[in-house]
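Quick look at data-v7.csv (CSV, N, CA and C atoms):
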chain,number,residue,atom,x,y,z
R,3,MET,N,0.8,-1.2,0.0
R,3,MET,CA,0.0,0.0,0.0
R,3,MET,C,0.9,1.3,0.0
R,4,ARG,N,1.9,1.2,0.8
R,4,ARG,CA,2.8,2.4,0.9
R,4,ARG,C,3.5,2.6,-0.4
R,5,VAL,N,3.9,1.6,-1.1
R,5,VAL,CA,4.6,1.7,-2.4
R,5,VAL,C,3.6,2.3,-3.4
R,6,LEU,N,2.4,1.9,-3.4
R,6,LEU,CA,1.3,2.5,-4.3
R,6,LEU,C,1.1,3.9,-4.0
R,7,MET,N,1.1,4.3,-2.7
R,7,MET,CA,0.9,5.7,-2.4
R,7,MET,C,2.1,6.6,-2.8
R,8,VAL,N,3.3,6.1,-2.7
R,8,VAL,CA,4.5,6.8,-3.1
R,8,VAL,C,4.5,6.9,-4.6
R,9,THR,N,4.1,5.9,-5.3
R,9,THR,CA,4.0,5.9,-6.8
R,9,THR,C,3.0,6.9,-7.3
R,10,VAL,N,1.8,7.0,-6.6
R,10,VAL,CA,0.8,7.9,-7.0
R,10,VAL,C,1.3,9.4,-6.7
R,11,LEU,N,1.9,9.6,-5.6
R,11,LEU,CA,2.4,10.9,-5.3
R,11,LEU,C,3.4,11.4,-6.3
R,12,THR,N,4.4,10.5,-6.6
R,12,THR,CA,5.4,10.8,-7.5
R,12,THR,C,4.8,11.1,-8.9
R,13,LEU,N,3.9,10.3,-9.3
R,13,LEU,CA,3.2,10.6,-10.6
R,13,LEU,C,2.5,11.9,-10.6
R,14,MET,N,1.8,12.3,-9.5
R,14,MET,CA,1.1,13.5,-9.4
R,14,MET,C,2.1,14.7,-9.5
R,15,LEU,N,3.2,14.6,-8.8
R,15,LEU,CA,4.2,15.6,-8.8
R,15,LEU,C,4.8,15.8,-10.1
R,16,SER,N,5.1,14.7,-10.8
R,16,SER,CA,5.7,14.8,-12.2
R,16,SER,C,4.7,15.4,-13.1
R,17,MET,N,3.4,15.1,-13.0
R,17,MET,CA,2.4,15.7,-13.9
R,17,MET,C,2.3,17.2,-13.6
R,18,THR,N,2.4,17.6,-12.3
R,18,THR,CA,2.4,19.0,-12.0
R,18,THR,C,3.5,19.8,-12.7
R,19,GLY,N,4.7,19.2,-12.7
R,19,GLY,CA,5.8,19.8,-13.4
R,19,GLY,C,5.6,19.9,-14.9
R,20,VAL,N,5.0,18.9,-15.5
R,20,VAL,CA,4.6,19.0,-17.0
R,20,VAL,C,3.6,20.1,-17.2
R,21,MET,N,2.6,20.1,-16.4
R,21,MET,CA,1.6,21.1,-16.5
R,21,MET,C,2.1,22.5,-16.4
R,22,ASN,N,3.0,22.7,-15.4
R,22,ASN,CA,3.7,24.0,-15.2
R,22,ASN,C,4.5,24.4,-16.4
R,23,THR,N,5.2,23.4,-17.0
R,23,THR,CA,6.0,23.7,-18.2
R,23,THR,C,5.1,24.1,-19.3
R,24,VAL,N,4.0,23.4,-19.6
R,24,VAL,CA,3.1,23.8,-20.6
R,24,VAL,C,2.5,25.1,-20.4
R,25,SER,N,2.1,25.4,-19.1
R,25,SER,CA,1.5,26.7,-18.8
R,25,SER,C,2.5,27.8,-19.0
R,26,ALA,N,3.8,27.6,-18.6
R,26,ALA,CA,4.8,28.6,-18.8
R,26,ALA,C,5.1,28.9,-20.2
R,27,PHE,N,5.1,27.8,-21.1
R,27,PHE,CA,5.3,28.0,-22.5
R,27,PHE,C,4.2,28.8,-23.1
R,28,SER,N,2.9,28.5,-22.8
R,28,SER,CA,1.8,29.2,-23.4
R,28,SER,C,1.8,30.7,-22.9
R,29,ASN,N,2.3,30.9,-21.7
R,29,ASN,CA,2.3,32.3,-21.2
R,29,ASN,C,3.5,33.1,-21.8
R,30,SER,N,4.4,32.4,-22.4
R,30,SER,CA,5.6,33.1,-22.9
R,30,SER,C,5.3,33.7,-24.3
R,31,ILE,N,4.2,33.3,-24.9
R,31,ILE,CA,3.8,33.9,-26.2
R,31,ILE,C,3.2,35.2,-26.0
R,32,PRO,N,3.8,36.3,-26.6
R,32,PRO,CA,3.3,37.6,-26.3
R,32,PRO,C,1.9,37.8,-26.9
R,33,GLU,N,1.1,38.7,-26.3
R,33,GLU,CA,-0.3,39.0,-26.8
R,33,GLU,C,-0.3,39.5,-28.2
R,34,TYR,N,0.8,40.2,-28.6
R,34,TYR,CA,0.8,40.9,-29.9
R,34,TYR,C,1.3,39.9,-31.0
R,35,ALA,N,1.6,38.7,-30.7
R,35,ALA,CA,2.2,37.7,-31.7
R,35,ALA,C,1.2,37.5,-32.9
R,36,LYS,N,-0.1,37.3,-32.6
R,36,LYS,CA,-1.1,37.1,-33.6
R,36,LYS,C,-1.1,38.3,-34.6
R,37,TRP,N,-1.0,39.5,-34.1
R,37,TRP,CA,-1.1,40.7,-34.9
R,37,TRP,C,0.2,40.9,-35.6
R,38,GLY,N,1.3,40.5,-35.0
R,38,GLY,CA,2.6,40.5,-35.7
R,38,GLY,C,2.7,39.7,-36.9
R,39,ILE,N,2.1,38.5,-36.8
R,39,ILE,CA,2.0,37.6,-38.0
R,39,ILE,C,1.2,38.2,-39.1
R,40,ILE,N,0.1,38.8,-38.8
R,40,ILE,CA,-0.7,39.5,-39.8
R,40,ILE,C,0.1,40.7,-40.4
R,41,ALA,N,0.8,41.5,-39.6
R,41,ALA,CA,1.6,42.6,-40.1
R,41,ALA,C,2.7,42.1,-41.1
R,42,VAL,N,3.3,41.0,-40.8
R,42,VAL,CA,4.4,40.5,-41.6
R,42,VAL,C,3.8,40.0,-42.9
R,43,LYS,N,2.7,39.2,-42.9
R,43,LYS,CA,2.1,38.6,-44.1
R,43,LYS,C,1.5,39.7,-45.0
R,44,GLU,N,0.9,40.7,-44.4
R,44,GLU,CA,0.3,41.8,-45.2
R,44,GLU,C,1.4,42.6,-45.8
R,45,THR,N,2.5,42.8,-45.1
R,45,THR,CA,3.6,43.6,-45.7
R,45,THR,C,4.2,42.8,-46.8
R,46,GLN,N,4.4,41.5,-46.7
R,46,GLN,CA,5.0,40.7,-47.7
R,46,GLN,C,4.1,40.8,-49.0
R,47,THR,N,2.8,40.7,-48.8
R,47,THR,CA,1.9,40.7,-49.9
R,47,THR,C,1.9,42.1,-50.6
R,48,LYS,N,1.8,43.1,-49.8
R,48,LYS,CA,1.7,44.5,-50.4
R,48,LYS,C,3.0,44.9,-51.1
R,49,TYR,N,4.1,44.6,-50.6
R,49,TYR,CA,5.4,45.0,-51.1
R,49,TYR,C,6.1,44.0,-51.9
R,50,ASN,N,5.6,42.7,-51.9
R,50,ASN,CA,6.3,41.6,-52.6
R,50,ASN,C,7.8,41.7,-52.2
R,51,ALA,N,8.0,41.7,-50.9
R,51,ALA,CA,9.4,41.9,-50.4
R,51,ALA,C,9.7,40.9,-49.3
R,52,ASP,N,11.0,40.8,-49.1
R,52,ASP,CA,11.5,39.9,-48.0
R,52,ASP,C,11.6,40.7,-46.7
R,53,ILE,N,11.2,40.1,-45.6
R,53,ILE,CA,11.3,40.8,-44.3
R,53,ILE,C,12.6,40.5,-43.7
R,54,LEU,N,13.4,41.6,-43.4
R,54,LEU,CA,14.7,41.4,-42.9
R,54,LEU,C,14.7,41.5,-41.3
R,55,ASP,N,13.9,42.3,-40.8
R,55,ASP,CA,13.8,42.4,-39.3
R,55,ASP,C,12.4,42.9,-38.9
R,56,TYR,N,12.1,42.8,-37.6
R,56,TYR,CA,10.8,43.0,-37.1
R,56,TYR,C,10.9,43.6,-35.7
R,57,LYS,N,10.1,44.6,-35.4
R,57,LYS,CA,10.1,45.1,-34.1
R,57,LYS,C,8.7,45.5,-33.7
R,58,HIS,N,8.3,45.1,-32.5
R,58,HIS,CA,7.0,45.5,-31.9
R,58,HIS,C,7.2,46.8,-31.2
R,59,ILE,N,6.4,47.8,-31.6
R,59,ILE,CA,6.5,49.1,-31.0
R,59,ILE,C,5.7,49.2,-29.8
R,60,GLY,N,4.4,48.8,-29.9
R,60,GLY,CA,3.5,48.8,-28.7
R,60,GLY,C,2.1,48.8,-29.1
R,61,ARG,N,1.3,48.7,-28.1
R,61,ARG,CA,-0.2,48.7,-28.3
R,61,ARG,C,-0.8,50.0,-27.7
R,62,SER,N,-1.8,50.5,-28.4
R,62,SER,CA,-2.5,51.6,-27.8
R,62,SER,C,-4.0,51.3,-28.0
R,63,SER,N,-4.8,51.9,-27.1
R,63,SER,CA,-6.2,51.8,-27.1
R,63,SER,C,-6.8,53.0,-27.7
R,64,LEU,N,-7.5,52.8,-28.8
R,64,LEU,CA,-8.1,53.9,-29.6
R,64,LEU,C,-9.5,54.2,-29.1
R,65,SER,N,-10.2,53.2,-28.6
R,65,SER,CA,-11.6,53.3,-28.0
R,65,SER,C,-11.9,52.0,-27.3
R,66,ALA,N,-13.1,51.9,-26.7
R,66,ALA,CA,-13.4,50.7,-26.0
R,66,ALA,C,-13.5,49.5,-26.9
R,67,ASN,N,-13.7,49.8,-28.2
R,67,ASN,CA,-13.9,48.6,-29.2
R,67,ASN,C,-12.7,48.6,-30.2
R,68,GLN,N,-11.7,49.4,-30.0
R,68,GLN,CA,-10.6,49.4,-31.0
R,68,GLN,C,-9.3,49.6,-30.4
R,69,SER,N,-8.3,48.7,-30.6
R,69,SER,CA,-6.9,48.8,-30.2
R,69,SER,C,-6.0,48.8,-31.4
R,70,ARG,N,-4.8,49.2,-31.2
R,70,ARG,CA,-3.8,49.2,-32.3
R,70,ARG,C,-2.5,48.6,-31.8
R,71,GLU,N,-2.0,47.7,-32.6
R,71,GLU,CA,-0.6,47.2,-32.4
R,71,GLU,C,0.2,47.8,-33.5
R,72,GLN,N,1.4,48.3,-33.1
R,72,GLN,CA,2.3,49.0,-34.0
R,72,GLN,C,3.6,48.2,-34.2
R,73,PHE,N,4.0,48.1,-35.4
R,73,PHE,CA,5.2,47.3,-35.7
R,73,PHE,C,6.1,48.1,-36.7
R,74,LYS,N,7.4,47.9,-36.6
R,74,LYS,CA,8.3,48.4,-37.6
R,74,LYS,C,9.0,47.2,-38.3
R,75,LEU,N,8.9,47.1,-39.6
R,75,LEU,CA,9.5,46.0,-40.3
R,75,LEU,C,10.5,46.6,-41.3
R,76,TRP,N,11.7,45.9,-41.4
R,76,TRP,CA,12.7,46.3,-42.3
R,76,TRP,C,12.5,45.3,-43.5
R,77,VAL,N,12.4,45.8,-44.7
R,77,VAL,CA,12.1,45.0,-45.8
R,77,VAL,C,13.2,45.2,-46.9
R,78,ARG,N,13.3,44.2,-47.8
R,78,ARG,CA,14.1,44.3,-49.0
R,78,ARG,C,13.3,44.0,-50.2
R,79,GLY,N,13.1,44.9,-51.1
R,79,GLY,CA,12.3,44.7,-52.2
R,79,GLY,C,13.0,43.8,-53.2
R,80,LYS,N,12.3,43.3,-54.2
R,80,LYS,CA,13.0,42.5,-55.2
R,80,LYS,C,14.0,43.2,-56.0
R,81,ASP,N,14.0,44.6,-56.0
R,81,ASP,CA,15.0,45.4,-56.7
R,81,ASP,C,16.3,45.6,-55.8
R,82,GLY,N,16.2,45.0,-54.5
R,82,GLY,CA,17.4,45.1,-53.6
R,82,GLY,C,17.3,46.3,-52.7
R,83,LYS,N,16.3,47.2,-52.9
R,83,LYS,CA,16.2,48.4,-52.1
R,83,LYS,C,15.7,48.0,-50.7
R,84,GLN,N,16.3,48.6,-49.7
R,84,GLN,CA,15.9,48.3,-48.3
R,84,GLN,C,15.2,49.5,-47.7
R,85,PHE,N,14.2,49.3,-47.0
R,85,PHE,CA,13.5,50.4,-46.3
R,85,PHE,C,12.6,49.9,-45.2
R,86,ALA,N,12.2,50.8,-44.3
R,86,ALA,CA,11.3,50.5,-43.2
R,86,ALA,C,9.9,50.7,-43.5
R,87,VAL,N,9.1,49.8,-43.0
R,87,VAL,CA,7.6,50.0,-43.1
R,87,VAL,C,7.0,49.9,-41.7
R,88,TYR,N,6.3,51.0,-41.4
R,88,TYR,CA,5.6,51.0,-40.1
R,88,TYR,C,4.2,50.4,-40.4
R,89,VAL,N,3.8,49.5,-39.6
R,89,VAL,CA,2.5,48.8,-39.8
R,89,VAL,C,1.6,49.0,-38.6
R,90,ASN,N,0.4,49.5,-38.8
R,90,ASN,CA,-0.6,49.6,-37.7
R,90,ASN,C,-1.6,48.6,-38.0
R,91,VAL,N,-1.9,47.7,-37.0
R,91,VAL,CA,-2.9,46.7,-37.1
R,91,VAL,C,-4.0,47.1,-36.1
R,92,ASP,N,-5.2,47.5,-36.6
R,92,ASP,CA,-6.3,47.8,-35.7
R,92,ASP,C,-7.2,46.7,-35.6
R,93,PHE,N,-7.7,46.4,-34.4
R,93,PHE,CA,-8.6,45.3,-34.1
R,93,PHE,C,-9.5,45.6,-32.9
R,94,ASN,N,-10.5,44.8,-32.8
R,94,ASN,CA,-11.4,44.9,-31.7
R,94,ASN,C,-10.9,44.0,-30.5
R,95,PRO,N,-10.5,44.6,-29.4
R,95,PRO,CA,-9.8,43.8,-28.3
R,95,PRO,C,-10.8,42.8,-27.7
R,96,ASN,N,-12.1,43.1,-27.8
R,96,ASN,CA,-13.1,42.2,-27.2
R,96,ASN,C,-13.4,41.0,-28.0
R,97,THR,N,-13.5,41.1,-29.3
R,97,THR,CA,-13.8,40.0,-30.2
R,97,THR,C,-12.6,39.5,-30.9
R,98,GLN,N,-11.4,40.2,-30.8
R,98,GLN,CA,-10.2,39.8,-31.6
R,98,GLN,C,-10.4,39.9,-33.1
R,99,GLN,N,-11.3,40.7,-33.5
R,99,GLN,CA,-11.6,40.8,-35.0
R,99,GLN,C,-10.7,41.9,-35.6
R,100,LEU,N,-10.1,41.6,-36.7
R,100,LEU,CA,-9.2,42.5,-37.4
R,100,LEU,C,-10.1,43.6,-38.0
R,101,LYS,N,-9.7,44.9,-37.8
R,101,LYS,CA,-10.4,46.0,-38.4
R,101,LYS,C,-9.7,46.5,-39.7
R,102,LYS,N,-8.4,46.8,-39.6
R,102,LYS,CA,-7.7,47.3,-40.7
R,102,LYS,C,-6.2,47.3,-40.5
R,103,VAL,N,-5.5,47.3,-41.6
R,103,VAL,CA,-4.0,47.3,-41.6
R,103,VAL,C,-3.5,48.5,-42.4
R,104,GLN,N,-2.7,49.4,-41.8
R,104,GLN,CA,-2.2,50.5,-42.5
R,104,GLN,C,-0.7,50.5,-42.6
R,105,PHE,N,-0.1,51.0,-43.7
R,105,PHE,CA,1.3,51.0,-43.9
R,105,PHE,C,1.8,52.4,-44.1
R,106,SER,N,3.1,52.6,-43.6
R,106,SER,CA,3.8,53.9,-43.8
R,106,SER,C,5.2,53.6,-44.1
R,107,GLU,N,5.8,54.1,-45.2
R,107,GLU,CA,7.2,53.8,-45.5
R,107,GLU,C,8.2,54.8,-45.0
R,108,ALA,N,9.4,54.4,-44.7
R,108,ALA,CA,10.5,55.3,-44.3
R,108,ALA,C,11.8,54.8,-44.8
R,109,ASP,N,12.8,55.6,-44.9
R,109,ASP,CA,14.2,55.2,-45.3
R,109,ASP,C,14.7,54.3,-44.1
R,110,ARG,N,15.6,53.4,-44.4
R,110,ARG,CA,16.1,52.6,-43.4
R,110,ARG,C,17.2,53.4,-42.6
R,111,HIS,N,16.9,53.6,-41.3
R,111,HIS,CA,17.9,54.3,-40.5
R,111,HIS,C,18.0,53.6,-39.2

Please re-express this file's structure in structure tokens.
Amino acid sequence: MRVLMVTVLTLMLSMTGVMNTVSAFSNSIPEYAKWGIIAVKETQTKYNADILDYKHIGRSSLSANQSREQFKLWVRGKDGKQFAVYVNVDFNPNTQQLKKVQFSEADRH
């Protein structure tokens, strides 16, 4: 009986470790990741360009039903020209529905 109890406790403790690892991994994914993927894909489509680098600038609340994630992407066009693209991704924070994506170009500095 004692061996069974020790085995059950050991199994429970090891499962707790697994669950904590899974929980820590899911918590390490930033909230903006979903919108960053959209920013990258939309920029690739619009500019037919390679993404060289990516930076999350931040989130701002525009209203109760609209938030904005801002990103700066460094891209290289098919002609070799490199430049920065600022991308605003607007969405409803309650429903997670995408509202719009806006682009603004700048020289690479």

Legend entry - All residues 8 Å or closer to stretch 86-101 of chain R, only N, CA and C atoms, same chain fewer than 2 positions away omitted, as JSON, numbers by chain: {"R": [37, 38, 40, 41, 42, 45, 65, 66, 67, 68, 69, 70, 71, 72, 73, 74, 75, 76, 77, 78, 83, 84, 103, 104, 105, 106, 107, 108, 109, 110, 111]}

Inset, instruction - Work out how far apart atom C of R:Ala51 and atom C of R:Tyr34 are and give it in Å to one decimal. - result: 20.2 Å

Legend entry - atom C of R:Ile39 to atom N of R:Lys57, distance in Å rounded to a single decimal: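 Those two atoms sit 11.6 Å apart.
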
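Between atom C of R:Ser30 and atom CA of R:His58 the separation is 14.1 Å.
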
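Considering only C-alpha atoms, the residue among R:Lys102, R:Gly60, R:Pro32, R:Asn50 positioned nearest to R:Gly79 is R:Asn50.
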
Inset, instruction - Apply DSSP to the backbone of this structure and, from stretch 28-91 of chain R, keep only the residues in strand (DSSP E or B); write these as a PyMOL selection string. - result: chain R and resi 52-65+68-78+84-91

Would you mind exporting the chosen residues as a compact mmCIF listing (two decimals), keeping the file's coordinate frame, restricted to N, CA and C atoms?
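Contents of out_25.txt, as written:
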# COMPACT_ATOMS: atom_id res chain seq x y z
N ASP R 52 11.00 40.80 -49.10
CA ASP R 52 11.50 39.90 -48.00
C ASP R 52 11.60 40.70 -46.70
N ILE R 53 11.20 40.10 -45.60
CA ILE R 53 11.30 40.80 -44.30
C ILE R 53 12.60 40.50 -43.70
N LEU R 54 13.40 41.60 -43.40
CA LEU R 54 14.70 41.40 -42.90
C LEU R 54 14.70 41.50 -41.30
N ASP R 55 13.90 42.30 -40.80
CA ASP R 55 13.80 42.40 -39.30
C ASP R 55 12.40 42.90 -38.90
N TYR R 56 12.10 42.80 -37.60
CA TYR R 56 10.80 43.00 -37.10
C TYR R 56 10.90 43.60 -35.70
N LYS R 57 10.10 44.60 -35.40
CA LYS R 57 10.10 45.10 -34.10
C LYS R 57 8.70 45.50 -33.70
N HIS R 58 8.30 45.10 -32.50
CA HIS R 58 7.00 45.50 -31.90
C HIS R 58 7.20 46.80 -31.20
N ILE R 59 6.40 47.80 -31.60
CA ILE R 59 6.50 49.10 -31.00
C ILE R 59 5.70 49.20 -29.80
N GLY R 60 4.40 48.80 -29.90
CA GLY R 60 3.50 48.80 -28.70
C GLY R 60 2.10 48.80 -29.10
N ARG R 61 1.30 48.70 -28.10
CA ARG R 61 -0.20 48.70 -28.30
C ARG R 61 -0.80 50.00 -27.70
N SER R 62 -1.80 50.50 -28.40
CA SER R 62 -2.50 51.60 -27.80
C SER R 62 -4.00 51.30 -28.00
N SER R 63 -4.80 51.90 -27.10
CA SER R 63 -6.20 51.80 -27.10
C SER R 63 -6.80 53.00 -27.70
N LEU R 64 -7.50 52.80 -28.80
CA LEU R 64 -8.10 53.90 -29.60
C LEU R 64 -9.50 54.20 -29.10
N SER R 65 -10.20 53.20 -28.60
CA SER R 65 -11.60 53.30 -28.00
C SER R 65 -11.90 52.00 -27.30
N GLN R 68 -11.70 49.40 -30.00
CA GLN R 68 -10.60 49.40 -31.00
C GLN R 68 -9.30 49.60 -30.40
N SER R 69 -8.30 48.70 -30.60
CA SER R 69 -6.90 48.80 -30.20
C SER R 69 -6.00 48.80 -31.40
N ARG R 70 -4.80 49.20 -31.20
CA ARG R 70 -3.80 49.20 -32.30
C ARG R 70 -2.50 48.60 -31.80
N GLU R 71 -2.00 47.70 -32.60
CA GLU R 71 -0.60 47.20 -32.40
C GLU R 71 0.20 47.80 -33.50
N GLN R 72 1.40 48.30 -33.10
CA GLN R 72 2.30 49.00 -34.00
C GLN R 72 3.60 48.20 -34.20
N PHE R 73 4.00 48.10 -35.40
CA PHE R 73 5.20 47.30 -35.70
C PHE R 73 6.10 48.10 -36.70
N LYS R 74 7.40 47.90 -36.60
CA LYS R 74 8.30 48.40 -37.60
C LYS R 74 9.00 47.20 -38.30
N LEU R 75 8.90 47.10 -39.60
CA LEU R 75 9.50 46.00 -40.30
C LEU R 75 10.50 46.60 -41.30
N TRP R 76 11.70 45.90 -41.40
CA TRP R 76 12.70 46.30 -42.30
C TRP R 76 12.50 45.30 -43.50
N VAL R 77 12.40 45.80 -44.70
CA VAL R 77 12.10 45.00 -45.80
C VAL R 77 13.20 45.20 -46.90
N ARG R 78 13.30 44.20 -47.80
CA ARG R 78 14.10 44.30 -49.00
C ARG R 78 13.30 44.00 -50.20
N GLN R 84 16.30 48.60 -49.70
CA GLN R 84 15.90 48.30 -48.30
C GLN R 84 15.20 49.50 -47.70
N PHE R 85 14.20 49.30 -47.00
CA PHE R 85 13.50 50.40 -46.30
C PHE R 85 12.60 49.90 -45.20
N ALA R 86 12.20 50.80 -44.30
CA ALA R 86 11.30 50.50 -43.20
C ALA R 86 9.90 50.70 -43.50
N VAL R 87 9.10 49.80 -43.00
CA VAL R 87 7.60 50.00 -43.10
C VAL R 87 7.00 49.90 -41.70
N TYR R 88 6.30 51.00 -41.40
CA TYR R 88 5.60 51.00 -40.10
C TYR R 88 4.20 50.40 -40.40
N VAL R 89 3.80 49.50 -39.60
CA VAL R 89 2.50 48.80 -39.80
C VAL R 89 1.60 49.00 -38.60
N ASN R 90 0.40 49.50 -38.80
CA ASN R 90 -0.60 49.60 -37.70
C ASN R 90 -1.60 48.60 -38.00
N VAL R 91 -1.90 47.70 -37.00
CA VAL R 91 -2.90 46.70 -37.10
C VAL R 91 -4.00 47.10 -36.10
